[in-house]
>>> print(open('structure.txt').read())   # compact mmCIF, C-alpha atoms
# COMPACT_ATOMS: atom_id res chain seq x y z
CA MET A 1 12.43 -0.57 15.81
CA PRO A 2 10.75 2.38 17.54
CA ALA A 3 7.43 1.68 19.18
CA LEU A 4 4.48 2.23 16.88
CA THR A 5 1.57 4.30 18.11
CA PRO A 6 -1.77 5.26 16.63
CA ASP A 7 -0.29 8.77 16.27
CA ASN A 8 2.45 7.40 13.97
CA ILE A 9 -0.15 5.77 11.77
CA HIS A 10 -2.32 8.91 11.77
CA ALA A 11 0.72 10.89 10.60
CA LEU A 12 1.14 8.45 7.73
CA THR A 13 -2.48 8.79 6.66
CA GLU A 14 -2.24 12.58 6.93
CA THR A 15 0.75 12.49 4.58
CA LEU A 16 -1.31 10.47 2.11
CA ALA A 17 -4.14 13.01 2.42
CA ASP A 18 -1.61 15.80 1.73
CA LEU A 19 -0.45 13.94 -1.37
CA THR A 20 -4.04 13.61 -2.55
CA ASP A 21 -4.60 17.34 -2.05
CA TYR A 22 -1.39 18.09 -3.95
CA LEU A 23 -2.40 15.86 -6.85
CA ARG A 24 -5.78 17.62 -7.04
CA GLU A 25 -3.92 20.88 -7.73
CA ASN A 26 -2.89 19.58 -11.17
CA PRO A 27 0.89 19.35 -10.64
CA ASP A 28 3.37 18.58 -13.38
CA PRO A 29 2.78 14.92 -14.36
CA ALA A 30 6.46 14.01 -14.00
CA GLN A 31 6.51 15.37 -10.44
CA ALA A 32 3.22 13.65 -9.62
CA LEU A 33 4.51 10.33 -10.95
CA ALA A 34 7.72 10.68 -8.94
CA LEU A 35 5.72 11.24 -5.76
CA VAL A 36 3.34 8.35 -6.35
CA GLU A 37 6.01 5.91 -7.52
CA PRO A 38 7.01 4.66 -4.04
CA LEU A 39 3.37 4.00 -3.25
CA LEU A 40 2.97 1.69 -6.23
CA ASP A 41 6.28 -0.13 -6.14
CA GLU A 42 5.56 -3.77 -6.89
CA TYR A 43 7.56 -5.03 -3.91
CA THR A 44 7.26 -2.33 -1.24
CA GLY A 45 4.26 -0.26 -2.33
CA LEU A 46 1.05 0.32 -0.45
CA PRO A 47 -0.98 -2.55 -1.93
CA VAL A 48 1.65 -5.09 -0.88
CA GLN A 49 2.32 -3.47 2.50
CA LEU A 50 -1.35 -3.10 3.39
CA ALA A 51 -2.00 -6.70 2.35
CA ASP A 52 0.82 -7.79 4.66
CA VAL A 53 -0.63 -5.68 7.49
CA LEU A 54 -4.05 -7.30 7.08
CA ARG A 55 -2.57 -10.81 7.04
CA ALA A 56 -0.49 -10.03 10.13
CA LEU A 57 -3.56 -8.61 11.89
CA ALA A 58 -5.57 -11.72 11.02
CA ARG A 59 -2.80 -13.92 12.39
CA ALA A 60 -2.41 -11.83 15.57
CA VAL A 61 -6.13 -11.95 16.28
CA GLN A 62 -6.46 -15.64 15.45
CA GLU A 63 -3.49 -16.71 17.56
CA HIS A 64 -4.22 -14.54 20.60
CA PRO A 65 -5.40 -16.67 23.52
CA ASP A 66 -8.19 -14.22 24.42
CA THR A 67 -9.79 -14.37 20.98
CA PRO A 68 -13.14 -16.12 21.21
CA ARG A 69 -13.28 -19.22 19.03
CA THR A 70 -16.58 -18.59 17.28
CA ALA A 71 -17.94 -18.81 13.76
CA GLN A 72 -18.24 -15.01 13.69
CA GLY A 73 -14.59 -14.61 14.70
CA ASP A 74 -13.50 -17.10 12.05
CA LEU A 75 -15.54 -15.21 9.46
CA LEU A 76 -13.96 -11.89 10.40
CA ILE A 77 -10.47 -13.36 10.18
CA SER A 78 -11.36 -14.87 6.82
CA GLU A 79 -12.58 -11.47 5.60
CA LEU A 80 -9.27 -9.88 6.59
CA ARG A 81 -7.39 -12.52 4.62
CA THR A 82 -9.68 -12.10 1.59
CA ALA A 83 -9.15 -8.34 1.66
CA ALA A 84 -5.39 -8.95 1.86
CA TRP A 85 -5.49 -11.09 -1.30
CA GLU A 86 -7.53 -8.45 -3.11
CA LEU A 87 -5.09 -5.72 -2.14
CA ALA A 88 -2.09 -7.83 -3.08
CA ASP A 89 -3.59 -8.26 -6.55
CA GLN A 90 -3.23 -4.49 -6.99
CA HIS A 91 0.58 -4.80 -6.96
CA THR A 92 0.41 -4.64 -10.75
CA LEU A 93 -0.40 -0.93 -10.56
CA HIS A 94 3.33 -0.30 -10.94
CA HIS A 95 2.86 -1.27 -14.60
CA VAL A 96 0.36 1.57 -14.98
CA LEU A 97 2.97 3.93 -13.58
CA ASP A 98 5.51 2.66 -16.11
CA GLU A 99 3.05 3.26 -18.94
CA LEU A 100 2.25 6.75 -17.69
CA ARG A 101 5.97 7.55 -17.58
CA ASN A 102 6.24 6.36 -21.17
CA LEU A 103 3.23 8.47 -22.11
CA TYR A 104 4.88 11.61 -20.76
CA GLY A 105 8.38 10.66 -21.86
CA SER A 106 9.60 11.06 -18.31
CA THR A 107 13.14 10.00 -17.60
CA ALA A 108 12.75 10.38 -13.85
CA GLY A 109 12.52 6.98 -12.21
CA SER A 110 12.17 5.13 -15.51
CA GLU A 111 14.85 2.58 -14.76
CA PRO A 112 13.68 -0.98 -14.07
CA GLY A 113 13.72 -2.29 -10.52
CA CYS A 114 12.08 -1.28 -7.31
CA CYS A 115 12.18 2.34 -6.15
CA GLN A 116 14.78 1.57 -3.47
CA CYS A 117 17.18 0.25 -6.12
CA ARG A 118 17.06 3.38 -8.26
>>> encode(input="structure.txt", output="structure tokens")
Amino acid sequence: MPALTPDNIHALTETLADLTDYLRENPDPAQALALVEPLLDEYTGLPVQLADVLRALARAVQEHPDTPRTAQGDLLISELRTAAWELADQHTLHHVLDELRNLYGSTAGSEPGCCQCR
């Protein structure tokens, strides 16, 4: 795996900002749904991935030998894990995408399964 840098992550967030700008321009709903679909995939979408990132961060901080063992540190780690659970609960947004596709009668990406399987 190539080394991750803050610049890589900034590029990712810039792409998301570009998508937001595009969606604000009132694109064709079928095209908009196709672009958002990978973000809301129930297995690999952003809610699940970001939840995993937060859990991994909590674990990395907690297990690092230089992390102070304090009540405040424990609370912060707990807050990361709580946020991860809340994000993971949003994995059901893929159902909203399915319903929107049905609403617009879109055939693009309407097959069941995760976006990588289509």
>>> residues_around(input="structure.txt", residues="A:Ser78", least_positions_apart="2", cutoff="12 Å", atoms="only C-alpha atoms", output="number ranges by chain")
A: 54-55, 57-59, 61-62, 71-76, 80-85
>>> residues_around(input="structure.txt", residues="A:Leu97", least_positions_apart="3", cutoff="8 Å", atoms="all atoms listed in the file", output="PyMOL selection string")
chain A and resi 33+37+40+93-94+100-101
>>> closest_residue(input="structure.txt", among="A:Pro38, A:Ala30, A:Leu46, A:Asp66", to="A:Thr13", atoms="only C-alpha atoms")
A:Leu46
>>> atom_distance(input="structure.txt", atom1="atom CA of A:His91", atom2="atom CA of A:Arg24")
23.3 Å
>>> atom_distance(input="structure.txt", atom1="atom CA of A:Asp21", atom2="atom CA of A:Asp52")
26.6 Å
>>> atom_distance(input="structure.txt", atom1="atom CA of A:Thr92", atom2="atom CA of A:Asp41")
8.7 Å
>>> closest_residue(input="structure.txt", among="A:Leu39, A:Pro68, A:Pro2, A:Asp28", to="A:Thr15", atoms="all atoms listed in the file")
A:Leu39
>>> residues_near_point(input="structure.txt", point="(1.5, -4.7, -4.9)", cutoff="6 Å", atoms="all atoms listed in the file", output="PyMOL selection string")
chain A and resi 42+45+47-48+88+90-92
>>> closest_residue(input="structure.txt", among="A:Leu4, A:Leu23, A:Val53, A:Leu12", to="A:Leu87", atoms="all atoms listed in the file")
A:Val53
>>> closest_residue(input="structure.txt", among="A:Tyr104, A:Met1, A:Glu86, A:Val96", to="A:Gln31", atoms="only C-alpha atoms")
A:Tyr104
